[in-house]
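Below is the file target.cif, which contains mmCIF, C-alpha atoms and all ligand atoms.
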data_my_file
#
loop_
_atom_site.label_atom_id
_atom_site.label_comp_id
_atom_site.auth_asym_id
_atom_site.auth_seq_id
_atom_site.Cartn_x
_atom_site.Cartn_y
_atom_site.Cartn_z
CA MET A 84 21.73 24.46 11.56
CA THR A 85 18.79 23.97 13.89
CA LYS A 86 17.13 27.04 12.45
CA ILE A 87 17.55 25.86 8.84
CA THR A 88 16.27 22.40 9.72
CA GLY A 89 13.28 23.97 11.40
CA GLU A 90 12.53 26.10 8.35
CA VAL A 91 12.73 23.11 6.05
CA ALA A 92 10.39 21.17 8.33
CA ALA A 93 7.93 24.08 8.51
CA ARG A 94 7.91 24.36 4.70
CA ARG A 95 7.20 20.64 4.45
CA VAL A 96 4.31 20.98 6.87
CA GLU A 97 2.86 23.82 4.76
CA GLU A 98 3.22 21.69 1.64
CA LEU A 99 1.52 18.70 3.27
CA ALA A 100 -1.29 20.92 4.58
CA ALA A 101 -1.87 22.40 1.11
CA ASN A 102 -1.81 18.95 -0.53
CA ARG A 103 -4.23 17.65 2.04
CA ALA A 104 -6.60 20.57 1.48
CA ARG A 105 -6.48 19.95 -2.29
CA GLY A 106 -7.08 16.23 -1.77
CA ARG A 107 -10.08 16.88 0.45
CA ALA A 108 -11.51 19.34 -2.06
CA ARG A 109 -11.13 16.77 -4.85
CA GLY A 110 -12.88 14.13 -2.73
CA ALA A 111 -15.68 16.54 -1.84
CA ALA A 112 -16.17 17.60 -5.47
CA ALA A 113 -16.23 13.97 -6.58
CA ALA A 114 -18.78 13.14 -3.87
CA ALA A 115 -20.97 16.09 -4.90
CA GLY A 116 -20.75 14.98 -8.54
CA ALA A 117 -21.87 11.49 -7.56
CA GLY A 118 -24.66 12.73 -5.29
CA ARG A 119 -22.86 11.30 -2.26
CA ASP A 120 -22.09 12.67 1.20
CA PRO A 121 -18.35 13.45 1.52
CA ALA A 122 -18.58 12.14 5.09
CA GLU A 123 -18.82 8.64 3.58
CA LEU A 124 -15.21 8.97 2.36
CA THR A 125 -12.16 8.08 4.42
CA LEU A 126 -8.86 9.47 3.20
CA VAL A 127 -6.14 6.87 3.70
CA ALA A 128 -2.74 8.53 3.38
CA VAL A 129 -0.32 6.13 1.68
CA SER A 130 2.95 7.08 3.38
CA LYS A 131 5.22 4.51 1.70
CA THR A 132 8.74 5.87 1.01
CA TYR A 133 7.98 8.94 3.19
CA PRO A 134 9.27 9.37 6.76
CA ALA A 135 7.57 9.20 10.14
CA ALA A 136 7.84 13.01 10.40
CA ASP A 137 5.42 13.36 7.47
CA VAL A 138 2.98 10.96 9.13
CA LEU A 139 3.14 12.98 12.36
CA ALA A 140 2.55 16.21 10.47
CA LEU A 141 -0.53 14.90 8.66
CA ARG A 142 -1.78 13.20 11.81
CA ALA A 143 -1.63 16.54 13.63
CA LEU A 144 -3.61 18.09 10.76
CA GLY A 145 -6.38 15.59 11.41
CA VAL A 146 -5.61 12.75 8.99
CA THR A 147 -6.58 9.58 10.85
CA ASP A 148 -5.71 6.72 8.50
CA PHE A 149 -2.34 5.79 6.97
CA ALA A 150 -1.24 2.94 4.72
CA GLU A 151 1.99 1.14 3.94
CA ASN A 152 2.75 -1.55 1.37
CA ARG A 153 6.07 -3.10 2.50
CA GLU A 154 6.50 -4.79 5.86
CA GLN A 155 10.23 -4.04 6.11
CA GLU A 156 9.66 -0.32 5.68
CA ALA A 157 6.44 -0.12 7.67
CA THR A 158 7.29 -1.96 10.86
CA PRO A 159 10.00 0.48 12.03
CA LYS A 160 8.06 3.52 10.77
CA VAL A 161 4.92 2.55 12.67
CA ALA A 162 7.00 2.03 15.82
CA GLU A 163 8.68 5.42 15.38
CA VAL A 164 5.35 7.21 14.95
CA ALA A 165 3.97 5.51 18.05
CA ALA A 166 7.04 6.39 20.12
CA ARG A 167 7.07 10.02 19.03
CA LEU A 168 3.35 10.44 19.74
CA ALA A 169 3.79 8.74 23.12
CA ALA A 170 6.57 11.23 23.87
CA GLY A 171 4.10 14.04 23.23
CA GLU A 172 5.51 15.13 19.89
CA ILE A 173 3.03 16.74 17.54
CA GLY A 174 5.40 17.69 14.75
CA PRO A 175 7.21 20.91 13.94
CA ALA A 176 5.82 24.28 15.02
CA GLY A 177 2.61 25.09 13.22
CA THR A 178 1.67 21.45 12.68
CA ALA A 179 -1.16 21.22 15.15
CA GLY A 180 -4.16 22.72 13.47
CA PRO A 181 -7.90 22.70 13.55
CA GLY A 182 -9.25 19.20 13.16
CA GLY A 183 -6.26 17.54 14.82
CA ALA A 184 -8.29 14.94 16.65
CA VAL A 185 -7.22 14.21 20.18
CA GLY A 186 -7.28 10.58 21.12
CA PRO A 187 -8.76 9.33 24.37
CA GLY A 188 -6.27 9.63 27.18
CA ALA A 189 -3.80 11.59 25.06
CA ALA A 190 -2.12 14.63 26.54
CA ALA A 191 -3.96 17.76 25.49
CA GLY A 192 -3.19 18.59 21.87
CA VAL A 193 -1.38 15.33 21.08
CA PRO A 194 -3.32 13.30 18.54
CA GLY A 195 -4.13 9.67 19.21
CA PRO A 196 -2.33 6.95 17.24
CA PRO A 197 -3.20 6.58 13.56
CA VAL A 198 -5.24 3.74 12.13
CA TRP A 199 -2.70 1.74 10.10
CA HIS A 200 -3.60 -0.12 6.91
CA PHE A 201 -1.46 -2.64 5.08
CA VAL A 202 -2.12 -2.47 1.33
CA GLY A 203 0.76 -4.35 -0.31
CA GLN A 204 1.27 -7.88 -1.50
CA LEU A 205 1.91 -9.86 1.64
CA GLN A 206 4.09 -12.95 1.98
CA ARG A 207 2.87 -15.48 4.48
CA ASN A 208 6.09 -15.21 6.50
CA LYS A 209 5.49 -11.47 6.97
CA ALA A 210 1.97 -11.92 8.34
CA ARG A 211 3.19 -12.14 11.91
CA ALA A 212 5.04 -8.81 11.78
CA VAL A 213 2.19 -7.02 9.99
CA ALA A 214 -0.45 -8.40 12.38
CA ARG A 215 1.39 -6.77 15.26
CA TRP A 216 0.73 -3.21 14.09
CA ALA A 217 -1.83 -3.20 11.28
CA ASP A 218 -5.42 -2.33 12.13
CA TRP A 219 -6.55 -3.18 8.62
CA VAL A 220 -5.06 -5.56 6.07
CA GLN A 221 -6.61 -4.59 2.75
CA SER A 222 -4.74 -6.97 0.47
CA VAL A 223 -6.00 -10.41 1.50
CA ASP A 224 -6.32 -12.49 -1.65
CA ARG A 225 -5.73 -16.15 -0.81
CA PRO A 226 -6.69 -18.76 1.80
CA GLU A 227 -3.14 -19.26 3.15
CA LEU A 228 -3.00 -15.58 4.01
CA VAL A 229 -6.31 -15.72 5.87
CA ALA A 230 -4.98 -18.57 7.99
CA ALA A 231 -1.59 -16.93 8.61
CA LEU A 232 -3.12 -13.58 9.61
CA ASP A 233 -5.67 -15.24 11.87
CA ARG A 234 -2.95 -17.19 13.69
CA ALA A 235 -0.73 -14.12 13.97
CA ALA A 236 -3.47 -11.77 15.18
CA SER A 237 -4.60 -14.37 17.73
CA ALA A 238 -1.04 -14.75 18.99
CA HIS A 239 -0.80 -10.98 19.46
CA GLY A 240 -4.26 -10.81 21.07
CA ARG A 241 -5.42 -8.41 18.36
CA GLU A 242 -8.30 -8.24 15.92
CA LEU A 243 -7.62 -7.27 12.30
CA SER A 244 -10.07 -5.69 9.90
CA VAL A 245 -9.74 -7.39 6.54
CA CYS A 246 -10.56 -6.32 3.01
CA LEU A 247 -10.49 -8.88 0.24
CA GLN A 248 -8.43 -7.63 -2.66
CA VAL A 249 -10.19 -8.14 -5.97
CA ARG A 250 -8.34 -8.45 -9.26
CA LEU A 251 -10.04 -6.18 -11.76
CA ASP A 252 -8.17 -6.87 -14.96
CA SER A 253 -10.57 -9.52 -16.18
CA PRO A 254 -14.35 -9.32 -16.35
CA VAL A 255 -16.42 -10.51 -13.39
CA GLY A 256 -16.58 -14.28 -13.33
CA ALA A 257 -13.51 -14.88 -15.47
CA LEU A 258 -10.88 -17.15 -13.97
CA ALA A 259 -7.89 -16.45 -16.22
CA PRO A 260 -5.04 -14.83 -14.29
CA GLY A 261 -4.68 -11.19 -15.16
CA PRO A 262 -1.54 -9.68 -16.60
CA SER A 263 -1.03 -6.78 -14.22
CA GLY A 264 0.75 -8.52 -11.35
CA ARG A 265 -0.98 -6.18 -8.92
CA GLY A 266 -2.40 -8.97 -6.80
CA GLY A 267 -5.97 -9.77 -5.90
CA ALA A 268 -8.33 -12.71 -6.10
CA ALA A 269 -10.54 -13.35 -9.09
CA PRO A 270 -14.09 -12.11 -8.44
CA ALA A 271 -15.35 -15.72 -8.60
CA ASP A 272 -13.11 -16.62 -5.63
CA ILE A 273 -14.35 -13.83 -3.37
CA PRO A 274 -17.34 -15.63 -1.79
CA ARG A 275 -15.17 -18.56 -0.66
CA LEU A 276 -12.49 -16.25 0.75
CA ALA A 277 -15.14 -14.16 2.50
CA GLU A 278 -16.46 -17.26 4.20
CA LEU A 279 -12.96 -18.13 5.46
CA VAL A 280 -12.45 -14.63 6.88
CA ALA A 281 -15.90 -14.68 8.49
CA GLN A 282 -15.01 -17.94 10.24
CA ALA A 283 -11.59 -16.73 11.40
CA ARG A 284 -11.54 -15.85 15.09
CA ALA A 285 -9.26 -12.83 15.02
CA LEU A 286 -10.33 -11.36 11.66
CA ARG A 287 -13.24 -9.12 10.85
CA LEU A 288 -14.41 -8.87 7.24
CA VAL A 289 -14.94 -5.19 6.44
CA GLY A 290 -15.07 -5.03 2.65
CA VAL A 291 -13.19 -5.16 -0.63
CA MET A 292 -10.16 -3.42 -2.10
CA ALA A 293 -8.82 -3.06 -5.61
CA VAL A 294 -6.24 -1.28 -7.71
CA ALA A 295 -7.39 -0.16 -11.15
CA PRO A 296 -5.76 -2.17 -13.94
CA LEU A 297 -3.00 -0.45 -15.90
CA GLY A 298 -3.79 0.77 -19.38
CA GLN A 299 -7.56 0.66 -19.07
CA PRO A 300 -10.11 3.31 -18.14
CA PRO A 301 -10.60 2.98 -14.37
CA GLN A 302 -14.32 3.58 -14.06
CA PRO A 303 -15.59 0.37 -15.74
CA ALA A 304 -13.11 -1.55 -13.56
CA PHE A 305 -14.41 0.16 -10.42
CA ALA A 306 -17.95 -0.64 -11.57
CA ARG A 307 -16.93 -4.32 -11.61
CA LEU A 308 -15.59 -3.91 -8.06
CA ARG A 309 -18.88 -2.40 -6.97
CA ALA A 310 -20.72 -5.41 -8.42
CA VAL A 311 -18.43 -7.77 -6.47
CA ALA A 312 -19.10 -5.74 -3.30
CA GLU A 313 -22.86 -5.82 -3.80
CA ARG A 314 -22.75 -9.59 -4.16
CA LEU A 315 -20.64 -9.83 -1.00
CA TRP A 316 -23.15 -7.75 1.00
CA LYS A 317 -25.87 -10.37 0.44
CA GLU A 318 -23.93 -12.82 2.65
CA HIS A 319 -21.92 -10.33 4.71
CA PRO A 320 -24.05 -7.19 5.09
CA GLN A 321 -21.60 -5.56 7.51
CA ALA A 322 -18.70 -5.65 5.02
CA ARG A 323 -19.45 -2.23 3.50
CA ALA A 324 -16.00 -0.81 2.78
CA ILE A 325 -14.95 -0.32 -0.84
CA SER A 326 -11.30 0.69 -0.90
CA ALA A 327 -10.63 2.05 -4.38
CA GLY A 328 -9.16 5.14 -5.92
CA MET A 329 -5.64 6.52 -5.80
CA SER A 330 -4.20 9.92 -6.71
CA GLY A 331 -4.89 9.49 -10.42
CA ASP A 332 -8.36 7.97 -10.36
CA LEU A 333 -10.16 8.91 -7.16
CA GLU A 334 -13.02 10.63 -9.01
CA ALA A 335 -13.85 7.43 -10.94
CA ALA A 336 -13.72 5.45 -7.70
CA VAL A 337 -16.03 7.81 -5.83
CA ALA A 338 -18.48 7.65 -8.74
CA GLU A 339 -18.57 3.86 -8.26
CA GLY A 340 -19.14 3.88 -4.52
CA ALA A 341 -15.64 3.92 -3.01
CA THR A 342 -15.55 4.55 0.73
CA HIS A 343 -11.76 4.50 1.29
CA LEU A 344 -9.45 6.50 -0.98
CA ARG A 345 -5.78 5.46 -0.84
CA ILE A 346 -3.87 8.60 -1.70
CA GLY A 347 -0.07 8.74 -1.89
CA THR A 348 1.42 11.03 -4.51
CA ALA A 349 -1.23 13.74 -4.29
CA LEU A 350 -0.53 14.11 -0.55
CA PHE A 351 3.19 13.50 -0.20
CA GLY A 352 4.56 14.23 -3.68
CA GLU A 353 6.14 12.06 -6.34
CA ARG A 354 7.93 9.04 -4.89
CA ARG A 355 11.53 8.23 -5.68
CA PRO A 356 11.93 4.67 -6.98
CA VAL A 357 12.41 2.14 -4.16
CA PRO A 358 15.90 0.58 -4.45
C1 LIG B 401 1.12 3.35 -3.58
C2 LIG B 401 -0.26 2.84 -3.48
C3 LIG B 401 -1.36 3.72 -3.48
C4 LIG B 401 -1.21 5.22 -3.66
O1 LIG B 401 -0.93 5.52 -5.00
P1 LIG B 401 -0.79 7.03 -5.49
O2 LIG B 401 -0.96 6.92 -6.97
O3 LIG B 401 0.57 7.49 -5.11
O4 LIG B 401 -1.86 7.84 -4.86
C5 LIG B 401 -2.61 3.18 -3.35
N1 LIG B 401 -2.81 1.85 -3.20
C6 LIG B 401 -1.78 0.97 -3.18
C7 LIG B 401 -2.08 -0.48 -3.03
C8 LIG B 401 -0.48 1.43 -3.31
O5 LIG B 401 0.52 0.55 -3.32
#
Mind turning the file's structure into structure tokens?
Ligand SMILES: *Cc1c(COP(=O)(O)O)cnc(C)c1O
Amino acid sequence: MTKITGEVAARRVEELAANRARGRARGAAAAAGAGRDPAELTLVAVSKTYPAADVLALRALGVTDFAENREQEATPKVAEVAARLAAGEIGPAGTAGPGGAVGPGAAAGVPGPPVWHFVGQLQRNKARAVARWADWVQSVDRPELVAALDRAASAHGRELSVCLQVRLDSPVGALAPGPSGRGGAAPADIPRLAELVAQARALRLVGVMAVAPLGQPPQPAFARLRAVAERLWKEHPQARAISAGMSGDLEAAVAEGATHLRIGTALFGERRPVP
């Protein structure tokens, strides 16, 4: 039994390593095509629906950043990853590989904790739980959420990096709500939200995030995001992150200046529907 379990785990590690290598190659090719340095790109592994063991395996392979989109699923998973790393676990045999960064103070060979991103639609009453473990909240799209996250992060004595989520399914400047239901503030509302985040004590404005609209070519949408980002930089020059691009559209995102690629399926495999 133990042997079979071990073999299954080792096969999964091989699969994750191969997917990760393919993902990196795609990012590097896209960067080359856009005349950009691949070092400007951060791969954010979207681990939703996948277990802590997969996070540990990719962490040991050198992936630094992970994202979740549901508080109920993420809170226990983040805690499990932290506990297993603290116990010195680096995943099944063969997991630790070149590039497995070692965090300060970590036992030799054990990677430091991941950087955790929250990327889902966030209810105000979940802000407290998310602010306890998230390093970044990428999906901030309304004033109430800014206030709730600021209070929660302050209460936990933490600082959160915040991206403003931009809705891309209507042209820049339009105010009509978009049809996609994927969240995000209208581009016209971004300057006001940015000001609120900049004034919040426990929040640090780091950039913008968006999901490409369904049923439209992604690149013109990502070009609109880039325009929103460039406007933001005039007032907030430090907020340079552009989180855009998923498994299906990362090339278009890199062509339009993305710095953070949120990759789920291409790393972990097709997700089963969440019940
Ligand atoms: C699930 C998810 C991703 C990853 O999508 P894939 O197509 O699986 O790569 C990226 N961003 C957000 C906000 C997500 O919810």
Worksheet item: If you count all atoms listed in the file, which residues fall within 9 Å of Leu251 (chain A), apart from same-chain ones fewer than 4 positions away, as a PyMOL selection string?
Response: chain A and resi 255+261+267-270+293-296+304-305+307-308
Practice prompt. For His239 (chain A), work out the shell of residues within 9 Å, counting only C-alpha atoms and skipping chain neighbours fewer than 2 positions away, then give it as a ChimeraX atom specification.
Written response: /A:211,214-215,234-237,241-242
Worksheet entry | Residues within 10 Å of (-2.5, 11.3, 9.3), file coords, all atoms listed in the file, listed as a list in words |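 Collected hits near the coordinates: Arg103, Leu126, Val127, Ala128, Val129, Ser130, Asp137, Val138, Leu139, Ala140, Leu141, Arg142, Ala143, Leu144, Gly145, Val146, Thr147, Asp148, Phe149, Ala150, Gly183, Pro194, Pro196, Pro197, Val198 and Trp199 of chain A.
One distance worth recording is that between CA of Pro301 (chain A) and CA of Ala335 (chain A), which is 6.5 Å.
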Item to complete: Select, from A:Ala322, A:Ala114, A:Val220, A:Leu243, the residue with the minimum atom-to-atom distance to ligand LIG 401 (chain B), counting only C-alpha atoms and all ligand atoms.
Response: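 Nearest to ligand LIG 401 (chain B): A:Val220.
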Give one line per residue of chain A that approaches ligand LIG 401 (chain B) to at most 10 Å, naming the two atoms of the closest pair and their distance in Å to one decimal, counting only C-alpha atoms and all ligand atoms; sort by chain then ascending residue number and deliver it as JSON lines.
{"residue": "A:Val127", "atom": "CA", "partner": "B:LIG401", "partner_atom": "C5", "distance": 8.7}
{"residue": "A:Ala128", "atom": "CA", "partner": "B:LIG401", "partner_atom": "C4", "distance": 7.9}
{"residue": "A:Val129", "atom": "CA", "partner": "B:LIG401", "partner_atom": "C4", "distance": 5.5}
{"residue": "A:Ser130", "atom": "CA", "partner": "B:LIG401", "partner_atom": "C1", "distance": 8.1}
{"residue": "A:Lys131", "atom": "CA", "partner": "B:LIG401", "partner_atom": "C1", "distance": 6.8}
{"residue": "A:Thr132", "atom": "CA", "partner": "B:LIG401", "partner_atom": "C1", "distance": 9.2}
{"residue": "A:Ala150", "atom": "CA", "partner": "B:LIG401", "partner_atom": "N1", "distance": 8.1}
{"residue": "A:Glu151", "atom": "CA", "partner": "B:LIG401", "partner_atom": "O5", "distance": 7.4}
{"residue": "A:Asn152", "atom": "CA", "partner": "B:LIG401", "partner_atom": "O5", "distance": 5.6}
{"residue": "A:Arg153", "atom": "CA", "partner": "B:LIG401", "partner_atom": "O5", "distance": 8.8}
{"residue": "A:Phe201", "atom": "CA", "partner": "B:LIG401", "partner_atom": "C7", "distance": 8.4}
{"residue": "A:Val202", "atom": "CA", "partner": "B:LIG401", "partner_atom": "C7", "distance": 4.8}
{"residue": "A:Gly203", "atom": "CA", "partner": "B:LIG401", "partner_atom": "C7", "distance": 5.5}
{"residue": "A:Gln204", "atom": "CA", "partner": "B:LIG401", "partner_atom": "C7", "distance": 8.3}
{"residue": "A:Gln221", "atom": "CA", "partner": "B:LIG401", "partner_atom": "C7", "distance": 8.4}
{"residue": "A:Ser222", "atom": "CA", "partner": "B:LIG401", "partner_atom": "C7", "distance": 7.8}
{"residue": "A:Gln248", "atom": "CA", "partner": "B:LIG401", "partner_atom": "C7", "distance": 9.6}
{"residue": "A:Arg265", "atom": "CA", "partner": "B:LIG401", "partner_atom": "C7", "distance": 8.3}
{"residue": "A:Gly266", "atom": "CA", "partner": "B:LIG401", "partner_atom": "C7", "distance": 9.3}
{"residue": "A:Met292", "atom": "CA", "partner": "B:LIG401", "partner_atom": "C7", "distance": 8.6}
{"residue": "A:Ala293", "atom": "CA", "partner": "B:LIG401", "partner_atom": "C7", "distance": 7.7}
{"residue": "A:Val294", "atom": "CA", "partner": "B:LIG401", "partner_atom": "C7", "distance": 6.3}
{"residue": "A:Ala295", "atom": "CA", "partner": "B:LIG401", "partner_atom": "N1", "distance": 9.4}
{"residue": "A:Ser326", "atom": "CA", "partner": "B:LIG401", "partner_atom": "N1", "distance": 8.9}
{"residue": "A:Ala327", "atom": "CA", "partner": "B:LIG401", "partner_atom": "N1", "distance": 7.9}
{"residue": "A:Gly328", "atom": "CA", "partner": "B:LIG401", "partner_atom": "C5", "distance": 7.3}
{"residue": "A:Met329", "atom": "CA", "partner": "B:LIG401", "partner_atom": "O4", "distance": 4.1}
{"residue": "A:Ser330", "atom": "CA", "partner": "B:LIG401", "partner_atom": "O4", "distance": 3.6}
{"residue": "A:Gly331", "atom": "CA", "partner": "B:LIG401", "partner_atom": "O2", "distance": 5.8}
{"residue": "A:Asp332", "atom": "CA", "partner": "B:LIG401", "partner_atom": "O2", "distance": 8.2}
{"residue": "A:Leu333", "atom": "CA", "partner": "B:LIG401", "partner_atom": "O4", "distance": 8.7}
{"residue": "A:Leu344", "atom": "CA", "partner": "B:LIG401", "partner_atom": "C5", "distance": 8.0}
{"residue": "A:Arg345", "atom": "CA", "partner": "B:LIG401", "partner_atom": "C5", "distance": 4.6}
{"residue": "A:Ile346", "atom": "CA", "partner": "B:LIG401", "partner_atom": "O4", "distance": 3.8}
{"residue": "A:Gly347", "atom": "CA", "partner": "B:LIG401", "partner_atom": "O3", "distance": 3.5}
{"residue": "A:Thr348", "atom": "CA", "partner": "B:LIG401", "partner_atom": "O3", "distance": 3.7}
{"residue": "A:Ala349", "atom": "CA", "partner": "B:LIG401", "partner_atom": "O4", "distance": 6.0}
{"residue": "A:Leu350", "atom": "CA", "partner": "B:LIG401", "partner_atom": "O4", "distance": 7.7}
{"residue": "A:Phe351", "atom": "CA", "partner": "B:LIG401", "partner_atom": "O3", "distance": 8.2}
{"residue": "A:Gly352", "atom": "CA", "partner": "B:LIG401", "partner_atom": "O3", "distance": 8.0}
{"residue": "A:Glu353", "atom": "CA", "partner": "B:LIG401", "partner_atom": "O3", "distance": 7.3}
{"residue": "A:Arg354", "atom": "CA", "partner": "B:LIG401", "partner_atom": "O3", "distance": 7.5}
Discussion item. Taking (11.8, -5.4, 9.6) in the coordinates of the supplied file, I want to know which residues reach to within 12 Å of it, counting all atoms listed in the file; could you give the answer as a PyMOL selection string?
Written reply: chain A and resi 153-162+208-213+215
Selection to disk with C-alpha atoms, as a tab-separated table (two decimals), in the coordinates of the input:
chain	number	residue	atom	x	y	z
A	153	ARG	CA	6.07	-3.10	2.50
A	154	GLU	CA	6.50	-4.79	5.86
A	155	GLN	CA	10.23	-4.04	6.11
A	156	GLU	CA	9.66	-0.32	5.68
A	157	ALA	CA	6.44	-0.12	7.67
A	158	THR	CA	7.29	-1.96	10.86
A	159	PRO	CA	10.00	0.48	12.03
A	160	LYS	CA	8.06	3.52	10.77
A	161	VAL	CA	4.92	2.55	12.67
A	162	ALA	CA	7.00	2.03	15.82
A	208	ASN	CA	6.09	-15.21	6.50
A	209	LYS	CA	5.49	-11.47	6.97
A	210	ALA	CA	1.97	-11.92	8.34
A	211	ARG	CA	3.19	-12.14	11.91
A	212	ALA	CA	5.04	-8.81	11.78
A	213	VAL	CA	2.19	-7.02	9.99
A	215	ARG	CA	1.39	-6.77	15.26
Worksheet item: At what distance in Å, to one decimal, does CA of Ala100 (chain A) lie from CA of Leu168 (chain A)?
Response: 19.0 Å
Worksheet item: What is the CA of Pro226 (chain A) to CA of Ala271 (chain A) distance in Å?
Response: 13.9 Å
Have region 333-340 of chain A completed to all heavy atoms, please, and pass it along as a PDB file, in the frame of the given file.
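Ended up saving to result23.pdb:
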ATOM      1  N   LEU A 333      -9.214   8.916  -8.285  1.00  0.00           N
ATOM      2  CA  LEU A 333     -10.160   8.910  -7.160  1.00  0.00           C
ATOM      3  C   LEU A 333     -11.564   9.317  -7.578  1.00  0.00           C
ATOM      4  O   LEU A 333     -12.556   8.841  -7.013  1.00  0.00           O
ATOM      5  CB  LEU A 333      -9.633   9.751  -6.000  1.00  0.00           C
ATOM      6  CG  LEU A 333      -9.665  11.291  -6.074  1.00  0.00           C
ATOM      7  CD1 LEU A 333     -10.995  11.853  -5.598  1.00  0.00           C
ATOM      8  CD2 LEU A 333      -8.548  11.864  -5.212  1.00  0.00           C
ATOM      9  N   GLU A 334     -11.683  10.194  -8.584  1.00  0.00           N
ATOM     10  CA  GLU A 334     -13.020  10.630  -9.010  1.00  0.00           C
ATOM     11  C   GLU A 334     -13.822   9.437  -9.553  1.00  0.00           C
ATOM     12  O   GLU A 334     -15.007   9.279  -9.226  1.00  0.00           O
ATOM     13  CB  GLU A 334     -12.917  11.734 -10.068  1.00  0.00           C
ATOM     14  CG  GLU A 334     -12.521  13.099  -9.513  1.00  0.00           C
ATOM     15  CD  GLU A 334     -11.016  13.278  -9.275  1.00  0.00           C
ATOM     16  OE1 GLU A 334     -10.238  12.353  -9.624  1.00  0.00           O
ATOM     17  OE2 GLU A 334     -10.614  14.324  -8.733  1.00  0.00           O
ATOM     18  N   ALA A 335     -13.170   8.610 -10.380  1.00  0.00           N
ATOM     19  CA  ALA A 335     -13.850   7.430 -10.940  1.00  0.00           C
ATOM     20  C   ALA A 335     -14.260   6.482  -9.823  1.00  0.00           C
ATOM     21  O   ALA A 335     -15.335   5.875  -9.861  1.00  0.00           O
ATOM     22  CB  ALA A 335     -12.935   6.722 -11.934  1.00  0.00           C
ATOM     23  N   ALA A 336     -13.412   6.359  -8.807  1.00  0.00           N
ATOM     24  CA  ALA A 336     -13.720   5.450  -7.700  1.00  0.00           C
ATOM     25  C   ALA A 336     -14.900   5.952  -6.879  1.00  0.00           C
ATOM     26  O   ALA A 336     -15.788   5.170  -6.504  1.00  0.00           O
ATOM     27  CB  ALA A 336     -12.483   5.281  -6.811  1.00  0.00           C
ATOM     28  N   VAL A 337     -14.918   7.254  -6.607  1.00  0.00           N
ATOM     29  CA  VAL A 337     -16.030   7.810  -5.830  1.00  0.00           C
ATOM     30  C   VAL A 337     -17.342   7.646  -6.602  1.00  0.00           C
ATOM     31  O   VAL A 337     -18.382   7.322  -6.020  1.00  0.00           O
ATOM     32  CB  VAL A 337     -15.764   9.293  -5.472  1.00  0.00           C
ATOM     33  CG1 VAL A 337     -17.000   9.947  -4.875  1.00  0.00           C
ATOM     34  CG2 VAL A 337     -14.580   9.397  -4.498  1.00  0.00           C
ATOM     35  N   ALA A 338     -17.270   7.821  -7.917  1.00  0.00           N
ATOM     36  CA  ALA A 338     -18.480   7.650  -8.740  1.00  0.00           C
ATOM     37  C   ALA A 338     -19.009   6.227  -8.641  1.00  0.00           C
ATOM     38  O   ALA A 338     -20.211   5.993  -8.805  1.00  0.00           O
ATOM     39  CB  ALA A 338     -18.172   8.002 -10.200  1.00  0.00           C
ATOM     40  N   GLU A 339     -18.144   5.262  -8.351  1.00  0.00           N
ATOM     41  CA  GLU A 339     -18.570   3.860  -8.260  1.00  0.00           C
ATOM     42  C   GLU A 339     -18.632   3.378  -6.812  1.00  0.00           C
ATOM     43  O   GLU A 339     -18.528   2.177  -6.543  1.00  0.00           O
ATOM     44  CB  GLU A 339     -17.635   2.968  -9.088  1.00  0.00           C
ATOM     45  CG  GLU A 339     -17.672   3.257 -10.595  1.00  0.00           C
ATOM     46  CD  GLU A 339     -19.053   3.047 -11.232  1.00  0.00           C
ATOM     47  OE1 GLU A 339     -19.886   2.308 -10.661  1.00  0.00           O
ATOM     48  OE2 GLU A 339     -19.278   3.630 -12.306  1.00  0.00           O
ATOM     49  N   GLY A 340     -18.802   4.290  -5.884  1.00  0.00           N
ATOM     50  CA  GLY A 340     -19.140   3.880  -4.520  1.00  0.00           C
ATOM     51  C   GLY A 340     -17.985   3.691  -3.558  1.00  0.00           C
ATOM     52  O   GLY A 340     -18.191   3.187  -2.445  1.00  0.00           O
TER      53      GLY A 340
END
